[in-house]
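Engineer: If it helps, the file is called final_5.txt and holds compact mmCIF, C-alpha atoms:
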# COMPACT_ATOMS: atom_id res chain seq x y z
CA MET C 1 -42.19 64.43 58.09
CA SER C 2 -45.85 65.09 57.45
CA GLU C 3 -48.07 62.81 59.50
CA LEU C 4 -50.84 61.99 57.03
CA VAL C 5 -51.83 58.43 58.00
CA THR C 6 -54.34 56.25 56.19
CA GLY C 7 -56.85 53.90 57.78
CA GLU C 8 -54.38 51.06 57.30
CA ALA C 9 -51.79 52.98 59.39
CA VAL C 10 -49.63 53.63 56.31
CA ALA C 11 -47.76 56.91 56.66
CA LEU C 12 -47.93 59.09 53.56
CA GLU C 13 -45.42 61.89 53.93
CA LEU C 14 -43.99 64.95 52.31
CA ARG C 15 -40.66 66.33 53.49
CA PRO C 16 -41.42 69.56 55.36
CA ALA C 17 -38.50 71.93 55.79
CA LYS C 18 -36.98 72.30 59.23
CA LEU C 19 -37.04 75.59 61.12
CA PRO C 20 -33.26 76.31 60.79
CA SER C 21 -33.29 76.01 57.00
CA ARG C 22 -36.47 78.07 56.75
CA ALA C 23 -35.03 80.75 59.03
CA LEU C 24 -31.85 80.89 56.94
CA ALA C 25 -33.88 81.25 53.75
CA VAL C 26 -35.97 84.07 55.26
CA LEU C 27 -32.79 85.80 56.48
CA ILE C 28 -31.28 85.70 52.99
CA ASP C 29 -34.48 87.07 51.48
CA LEU C 30 -34.66 89.87 54.05
CA VAL C 31 -31.02 90.88 53.57
CA VAL C 32 -31.50 91.10 49.82
CA ALA C 33 -34.84 92.92 50.17
CA PHE C 34 -33.47 95.50 52.62
CA PHE C 35 -30.43 96.09 50.44
CA VAL C 36 -32.68 96.72 47.43
CA TYR C 37 -34.96 98.89 49.59
CA ILE C 38 -32.06 101.09 50.78
CA VAL C 39 -30.67 101.51 47.26
CA VAL C 40 -34.09 102.35 45.79
CA THR C 41 -34.88 104.73 48.65
CA ILE C 42 -31.63 106.65 48.23
CA ALA C 43 -32.21 106.95 44.49
CA VAL C 44 -35.82 108.09 44.89
CA VAL C 45 -35.01 110.60 47.65
CA ALA C 46 -32.24 112.10 45.55
CA ALA C 47 -34.61 112.42 42.60
CA THR C 48 -37.51 113.91 44.61
CA ALA C 49 -35.70 116.21 47.04
CA SER C 50 -38.19 119.01 46.39
CA LEU C 51 -41.18 117.11 47.83
CA ASP C 52 -42.72 118.18 51.13
CA ASP C 53 -42.73 116.00 54.24
CA ALA C 54 -46.19 114.46 53.65
CA ALA C 55 -45.34 113.44 50.10
CA ALA C 56 -41.99 112.03 51.21
CA ALA C 57 -43.69 109.96 53.92
CA ALA C 58 -46.25 108.60 51.47
CA LEU C 59 -43.49 107.74 49.03
CA SER C 60 -41.57 105.91 51.77
CA VAL C 61 -44.62 103.79 52.63
CA ALA C 62 -45.18 103.00 48.97
CA LEU C 63 -41.55 101.96 48.53
CA PHE C 64 -41.74 99.79 51.65
CA LEU C 65 -44.83 97.95 50.39
CA LEU C 66 -43.44 97.59 46.89
CA VAL C 67 -39.94 96.37 47.72
CA LEU C 68 -40.52 94.37 50.92
CA VAL C 69 -43.99 92.99 50.14
CA GLY C 70 -44.87 93.32 46.45
CA ILE C 71 -41.61 92.14 44.93
CA PRO C 72 -41.33 89.00 47.15
CA ILE C 73 -44.92 88.06 46.26
CA ALA C 74 -44.18 88.50 42.55
CA VAL C 75 -40.94 86.50 42.78
CA GLU C 76 -42.61 83.66 44.68
CA THR C 77 -45.44 83.54 42.16
CA LEU C 78 -43.30 83.62 39.03
CA SER C 79 -40.76 81.14 40.39
CA ARG C 80 -43.56 78.86 41.64
CA GLY C 81 -42.53 78.93 45.28
CA ARG C 82 -38.77 79.50 45.10
CA SER C 83 -37.45 82.81 46.37
CA LEU C 84 -33.73 83.57 46.35
CA GLY C 85 -33.28 82.33 49.91
CA LYS C 86 -35.30 79.17 49.30
CA LEU C 87 -33.33 78.50 46.14
CA ALA C 88 -30.08 78.76 48.08
CA CYS C 89 -31.36 76.44 50.83
CA GLY C 90 -33.04 73.93 48.52
CA LEU C 91 -36.60 74.71 49.64
CA ARG C 92 -39.86 75.33 47.83
CA VAL C 93 -43.35 76.46 48.78
CA VAL C 94 -46.04 74.04 47.60
CA ARG C 95 -49.74 73.55 48.20
CA ASP C 96 -50.98 71.13 50.82
CA ASP C 97 -51.40 68.48 48.12
CA GLY C 98 -47.87 69.00 46.81
CA GLY C 99 -48.87 71.04 43.75
CA PRO C 100 -47.37 74.38 42.68
CA ILE C 101 -48.62 77.57 44.32
CA ARG C 102 -50.42 80.37 42.52
CA PHE C 103 -50.69 84.12 43.04
CA ARG C 104 -53.36 83.88 45.72
CA HIS C 105 -51.18 81.59 47.83
CA ALA C 106 -48.18 83.92 47.53
CA LEU C 107 -50.39 86.95 48.27
CA VAL C 108 -51.77 85.47 51.49
CA ARG C 109 -48.33 84.33 52.64
CA GLY C 110 -46.83 87.74 51.89
CA ALA C 111 -49.63 89.72 53.54
CA VAL C 112 -49.55 87.66 56.73
CA GLY C 113 -45.75 87.65 56.66
CA VAL C 114 -45.72 91.44 57.11
CA VAL C 115 -47.18 90.94 60.59
CA GLU C 116 -45.58 87.68 61.72
CA ILE C 117 -42.11 88.29 60.25
CA LEU C 118 -41.45 91.99 59.66
CA MET C 119 -43.44 93.59 62.51
CA THR C 120 -42.56 90.97 65.14
CA PHE C 121 -39.02 90.26 63.91
CA GLY C 122 -39.99 86.65 63.12
CA VAL C 123 -40.99 85.72 66.67
CA VAL C 124 -44.57 84.79 65.76
CA ALA C 125 -43.41 82.79 62.72
CA CYS C 126 -40.86 80.85 64.80
CA ILE C 127 -43.38 80.02 67.50
CA ALA C 128 -45.98 78.91 64.94
CA SER C 129 -43.43 76.73 63.14
CA LEU C 130 -42.37 75.08 66.40
CA VAL C 131 -45.96 74.40 67.44
CA SER C 132 -47.09 73.10 64.03
CA ALA C 133 -46.51 69.40 63.37
CA ARG C 134 -45.59 70.23 59.77
CA GLY C 135 -43.51 73.30 60.57
CA ARG C 136 -46.00 75.76 59.05
CA ARG C 137 -46.16 79.41 60.02
CA VAL C 138 -49.43 81.35 60.24
CA GLY C 139 -49.20 82.49 56.62
CA ASP C 140 -48.91 78.88 55.47
CA VAL C 141 -51.98 77.89 57.47
CA PHE C 142 -54.13 80.64 55.94
CA ALA C 143 -52.76 80.11 52.44
CA GLY C 144 -52.95 76.31 52.53
CA THR C 145 -49.27 75.91 51.73
CA LEU C 146 -46.25 74.03 53.02
CA VAL C 147 -42.51 74.64 52.71
CA VAL C 148 -40.79 71.41 51.70
CA ARG C 149 -37.25 70.26 51.05
CA GLU C 150 -36.65 70.14 47.33
CA ARG C 151 -33.21 68.55 47.55
CA VAL C 152 -33.47 64.99 48.80
CA PRO C 153 -30.83 62.25 48.90
CA THR C 154 -30.49 60.13 45.79
CA GLY C 155 -32.95 57.24 45.80
CA GLN C 156 -35.35 58.89 48.24
CA ALA C 157 -37.28 61.05 45.78
CA ALA C 158 -40.91 60.00 45.48
CA PHE C 159 -41.72 58.62 42.03
CA VAL C 160 -45.30 58.80 40.81
CA PRO C 161 -45.71 56.03 38.23
CA PRO C 162 -47.27 57.09 34.92
CA PRO C 163 -50.54 55.52 33.79
CA PRO C 164 -50.65 52.83 31.11
CA PRO C 165 -50.40 54.32 27.60
CA TRP C 166 -53.91 53.17 26.69
CA LEU C 167 -55.35 55.33 29.52
CA VAL C 168 -53.55 58.58 28.67
CA GLY C 169 -56.16 61.16 27.64
CA ARG C 170 -59.14 58.90 28.40
CA PHE C 171 -60.29 61.12 31.30
CA ALA C 172 -59.73 64.47 29.60
CA GLN C 173 -63.41 65.40 30.04
CA LEU C 174 -63.56 64.83 33.80
CA ASP C 175 -64.41 67.82 35.99
CA LEU C 176 -61.65 67.88 38.62
CA SER C 177 -62.52 71.24 40.17
CA ALA C 178 -64.48 69.73 43.07
CA VAL C 179 -61.77 67.29 44.18
CA PRO C 180 -60.31 68.52 47.50
CA GLU C 181 -56.58 68.98 47.84
CA GLY C 182 -56.43 66.49 50.69
CA LEU C 183 -57.71 63.74 48.40
CA TRP C 184 -55.12 64.65 45.74
CA LEU C 185 -52.41 64.37 48.37
CA ALA C 186 -53.66 60.93 49.45
CA VAL C 187 -53.81 59.71 45.83
CA ARG C 188 -50.34 61.00 44.99
CA GLN C 189 -48.78 59.50 48.09
CA TYR C 190 -50.54 56.19 47.55
CA LEU C 191 -49.15 56.01 44.01
CA THR C 192 -45.62 56.61 45.29
CA ARG C 193 -45.95 53.90 47.96
CA MET C 194 -48.23 51.30 46.37
CA ARG C 195 -45.41 48.91 45.46
CA GLN C 196 -44.30 48.88 49.10
CA LEU C 197 -47.73 47.86 50.41
CA ASP C 198 -49.22 44.45 50.96
CA PRO C 199 -51.21 43.56 47.79
CA GLN C 200 -54.50 43.12 49.67
CA VAL C 201 -54.07 46.37 51.60
CA GLY C 202 -52.97 48.28 48.51
CA TRP C 203 -55.90 47.01 46.44
CA GLY C 204 -58.38 48.03 49.13
CA MET C 205 -56.83 51.48 49.45
CA ALA C 206 -56.94 51.97 45.68
CA GLU C 207 -60.61 50.99 45.54
CA ARG C 208 -61.56 53.44 48.30
CA LEU C 209 -59.53 56.27 46.81
CA ALA C 210 -61.01 55.58 43.36
CA ALA C 211 -64.52 55.64 44.82
CA ASP C 212 -63.86 58.95 46.59
CA LEU C 213 -62.36 60.42 43.43
CA ALA C 214 -65.30 59.27 41.32
CA ALA C 215 -67.76 60.74 43.84
CA HIS C 216 -66.12 64.19 43.59
CA THR C 217 -65.85 64.14 39.80
CA GLY C 218 -69.44 63.01 39.28
CA ALA C 219 -68.44 60.17 36.94
CA PRO C 220 -68.15 56.53 38.04
CA ALA C 221 -64.82 54.78 37.79
CA PRO C 222 -64.66 52.49 34.72
CA SER C 223 -65.24 48.86 35.61
CA ASP C 224 -62.68 47.68 33.06
CA VAL C 225 -59.82 49.69 34.59
CA PRO C 226 -57.97 48.60 37.75
CA PRO C 227 -58.39 51.16 40.53
CA ALA C 228 -54.66 51.93 40.77
CA ALA C 229 -54.47 52.54 37.03
CA PHE C 230 -57.54 54.78 37.25
CA LEU C 231 -55.89 56.83 40.00
CA ALA C 232 -52.67 57.15 37.99
CA ALA C 233 -54.56 58.22 34.86
CA VAL C 234 -56.61 60.88 36.65
CA MET C 235 -53.52 62.17 38.47
CA HIS C 236 -51.70 62.36 35.13
CA GLU C 237 -54.63 64.31 33.68
CA ARG C 238 -54.50 66.80 36.55
CA GLN C 239 -50.75 67.27 36.21
CA SER C 240 -51.15 67.82 32.46
CA ARG C 241 -53.73 70.52 33.08
CA GLU C 242 -51.52 72.19 35.67
CA ALA C 243 -48.59 72.19 33.26
CA GLN C 244 -50.73 73.55 30.44
CA ARG C 245 -51.99 76.40 32.63
CA ALA C 246 -48.46 77.19 33.78
CA PHE C 247 -46.48 76.80 30.57
CA GLY C 248 -49.04 76.87 27.78
CA SER C 249 -49.51 74.06 25.30
CA VAL C 250 -47.50 71.00 26.24
CA GLY C 251 -47.19 67.57 24.71
CA GLN C 252 -48.26 64.33 26.29
CA VAL C 253 -45.92 63.29 29.05
CA GLY C 254 -45.58 60.12 31.00
CA GLN C 255 -46.88 57.88 28.25
CA VAL C 256 -44.07 55.40 28.65
CA GLY C 257 -44.64 53.13 31.61
CA PHE C 258 -42.44 50.58 33.26
CA PRO C 259 -40.45 48.45 30.81
CA GLY C 260 -42.28 45.22 30.12
CA ALA C 261 -45.37 46.28 32.07
CA TYR C 262 -47.59 46.95 29.08
CA GLY C 263 -48.02 45.49 25.65
CA GLY C 264 -47.80 47.46 22.44
CA HIS C 265 -51.27 46.80 21.05
CA GLY C 266 -53.15 49.55 22.88
CA GLN C 267 -55.86 47.20 24.12
CA PRO C 268 -57.73 47.84 27.38
CA GLY C 269 -56.35 46.22 30.48
CA VAL C 270 -57.73 43.21 32.24
CA VAL C 271 -58.78 43.56 35.87
CA VAL C 272 -56.49 41.38 37.93
CA PRO C 273 -56.87 40.05 41.47
CA PRO C 274 -55.11 41.82 44.35
CA ALA C 275 -52.26 39.32 44.38
CA THR C 276 -50.88 40.68 41.09
CA ALA C 277 -49.48 44.02 40.06
CA PRO C 278 -51.72 47.10 40.54
CA PHE C 279 -51.59 48.00 36.84
CA ALA C 280 -52.83 45.26 34.53
CA PRO C 281 -51.12 44.75 31.18
CA PRO C 282 -53.30 44.79 28.07
CA ALA C 283 -54.19 41.50 26.44
CA PRO C 284 -52.10 40.92 23.33
CA ALA C 285 -54.07 41.12 20.12
CA PRO C 286 -53.92 38.05 17.87
CA SER C 287 -52.21 38.55 14.59
CA SER C 288 -54.67 39.01 11.75
CA VAL C 289 -52.13 38.52 8.95
CA ALA C 290 -51.74 34.92 7.79
CA PRO C 291 -48.76 33.72 5.72
CA PRO C 292 -49.60 33.46 2.04
CA ALA C 293 -50.53 29.99 0.90
CA GLY C 294 -48.31 28.39 -1.63
CA ASN C 295 -45.54 30.95 -1.41
CA PRO C 296 -43.08 30.07 -4.17
CA ALA C 297 -40.15 31.16 -2.08
CA SER C 298 -41.05 28.76 0.71
CA GLU C 299 -41.65 25.85 -1.62
CA THR C 300 -38.62 26.18 -3.85
CA GLY C 301 -36.20 27.62 -1.34
CA SER C 302 -35.49 30.56 -3.62
CA SER C 303 -34.00 33.65 -2.06
CA GLU C 304 -35.92 35.94 -4.41
CA PRO C 305 -38.06 38.36 -2.37
CA PRO C 306 -41.78 38.42 -3.23
CA ALA C 307 -43.20 41.31 -5.24
CA THR C 308 -44.31 43.97 -2.75
CA GLY C 309 -44.75 47.03 -4.92
CA PHE C 310 -41.42 48.65 -4.01
CA ALA C 311 -37.81 47.82 -4.64
CA PRO C 312 -35.48 46.98 -1.74
CA PRO C 313 -32.52 49.27 -1.17
CA ALA C 314 -29.40 48.46 -3.17
Transcribe the structure of this file into structure tokens.
Structural biologist:
Amino acid sequence: MSELVTGEAVALELRPAKLPSRALAVLIDLVVAFFVYIVVTIAVVAATASLDDAAAAALSVALFLLVLVGIPIAVETLSRGRSLGKLACGLRVVRDDGGPIRFRHALVRGAVGVVEILMTFGVVACIASLVSARGRRVGDVFAGTLVVRERVPTGQAAFVPPPPPWLVGRFAQLDLSAVPEGLWLAVRQYLTRMRQLDPQVGWGMAERLAADLAAHTGAPAPSDVPPAAFLAAVMHERQSREAQRAFGSVGQVGQVGFPGAYGGHGQPGVVVPPATAPFAPPAPAPSSVAPPAGNPASETGSSEPPATGFAPPA
């Protein structure tokens, strides 16, 4: 497990992949890549038999870089961290904060992997993974990535609670570009573990994380929003932006919270003391519709419905 520990000695962990599963995934990828490389090389050599030795050597180098380096980088980018071998072993490459990788991450991992995997037959990668506390090879260190187990036993998957519905979209104007990935990781892991923490400890952690997040965004945290709800809302906003960049226009997700946790009036929440739940329910709005005075139906006991401007269904 990842050993990210808070000041309250609460372990916040991802599930880094073990060396055997990573080695098996790399072996599958290499077998497939070399098979494709041999087939493509035979086809190209047969089609360009009239080339001289210098042109043939240049073509071989180009095929090597394209098939064994370029294609794996493209596959890892388009699949968001899941090559064929990782898919078979249930692994995925993610950023240090648990988010999906982009082209630059795959490019750095692929470029460094030429040296530590292909040129040294994986010896450097194995040594680096054994030395690293999180099982990262040199390419992961330079790229800021981590290979994690995507398949986890039922009931052990981390659940990030959604924000209250009345906070969804409230922080759409925040500038999140300056927030470091380490802080995102701490916020996400706190949200997955907050219901397991002591209320006093959890409230203090939420306040400190909210203060750090507000300092990096340049906007103070709202005083009328509990710190845990503020963290959940900002995390939801970041995930929405990531999904929109990856898949285009997406609808609002995560608007439904825990059953019975929120009211249906859309009113702002009330800040609660640490002894209560981290997300405060909104105060119910009083009904503004009074029963009509002197209703004939109520006085006479008639079952005739009042005139409402439309006829009831037959």
Engineer: Show me, as an mmCIF file with C-alpha atoms, in the frame of the given file, the residues that have an atom within 8 Å of C:Leu68 when counting only C-alpha atoms, minus same-chain residues fewer than 2 positions from it.
Structural biologist:
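This is the output file result.cif:
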data_model
loop_
_atom_site.group_PDB
_atom_site.id
_atom_site.type_symbol
_atom_site.label_atom_id
_atom_site.label_comp_id
_atom_site.auth_asym_id
_atom_site.auth_seq_id
_atom_site.Cartn_x
_atom_site.Cartn_y
_atom_site.Cartn_z
ATOM 1 C CA ALA C 33 -34.840 92.920 50.170
ATOM 2 C CA PHE C 34 -33.470 95.500 52.620
ATOM 3 C CA TYR C 37 -34.960 98.890 49.590
ATOM 4 C CA PHE C 64 -41.740 99.790 51.650
ATOM 5 C CA LEU C 65 -44.830 97.950 50.390
ATOM 6 C CA LEU C 66 -43.440 97.590 46.890
ATOM 7 C CA GLY C 70 -44.870 93.320 46.450
ATOM 8 C CA ILE C 71 -41.610 92.140 44.930
ATOM 9 C CA PRO C 72 -41.330 89.000 47.150
#
Engineer: Quick one: residues within 9 Å of C:Val148, only C-alpha atoms counted, chain neighbours fewer than 2 positions away excluded, as a ChimeraX atom specification?
Structural biologist: /C:14-18,90-94,98,146,150
Engineer: For each of C:Leu59, C:Val147, C:Ile73, C:Leu27, take the minimum atom-to-atom distance to C:Ile42, counting only C-alpha atoms, then give the residue where this is smallest.
Structural biologist: C:Leu59
Engineer: Could you please determine the separation between atom CA of C:Arg170 and atom CA of C:Leu183 in Å, to one decimal place?
Structural biologist: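 These two atoms are separated by 20.6 Å.
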Engineer: Which residue gives the smallest distance to C:Gly218 among C:Leu174, C:Gln196, C:Ala186, C:Glu237, with all atoms listed in the file counted?
Structural biologist: C:Leu174
Engineer: From the list C:Gly113, C:Pro100, C:Gly135, C:Pro161, which residue is nearest C:Leu19 when using only C-alpha atoms?
Structural biologist: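 Counting only C-alpha atoms, the residue closest to C:Leu19 is C:Gly135.
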Engineer: From the options C:Ala243, C:Leu51, C:Leu176, C:Ala57, which residue's atoms come nearest to C:Thr217, counting all atoms listed in the file?
Structural biologist: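 Of C:Ala243, C:Leu51, C:Leu176, C:Ala57, the one nearest C:Thr217, counting all atoms listed in the file, is C:Leu176.
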Engineer: Give me the residues within 12 Å of C:Val75 as a list in words, counting only C-alpha atoms and dropping any in the same chain fewer than 6 places off.
Structural biologist: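 These residues fall inside the cut-off: Asp29, Ala33, Val67, Leu68, Val69, Gly81, Arg82, Ser83, Leu84, Gly85, Lys86, Leu87, Val93, Ile101, Arg102, Phe103, Ala106, Leu107 and Gly110 of chain C.
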Engineer: So the first atom is atom CA of C:Tyr190 and the second is atom CA of C:Gln239; what is the distance between them in Å, to one decimal place?
Structural biologist: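 The value is 15.9 Å.
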Engineer: Just to confirm, what's the straight-line distance from atom CA of C:Met119 to atom CA of C:Cys89 in Å (one decimal)?
Structural biologist: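 Distance reported for this atom pair: 24.0 Å.
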Engineer: Quick one: of C:Leu209, C:Asp140, C:Val61, C:Ser129, who's nearest to C:Arg104, counting all atoms listed in the file?
Structural biologist: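 Among the listed residues, the smallest separation from C:Arg104 belongs to C:Asp140.
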Engineer: Compare C:Trp166, C:Pro227, C:Thr41, C:Gly144 by their minimum atom-to-atom distance to C:Asp97, counting all atoms listed in the file, and give me the closest one.
Structural biologist: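 Of the candidates, the smallest distance to C:Asp97 is held by C:Gly144.
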Engineer: Could you list, as a ChimeraX atom specification, every residue within 12 Å of C:Ala56, counting all atoms listed in the file and ignoring same-chain residues fewer than 5 positions away?
Structural biologist: /C:41,44-51,61-63
Engineer: Would you mind listing what lies within 10 Å of C:Ile117 as a VMD selection string, with only C-alpha atoms counted and same-chain residues fewer than 6 positions away left out?
Structural biologist: chain C and resid 26 30 110 123 to 126 137 139
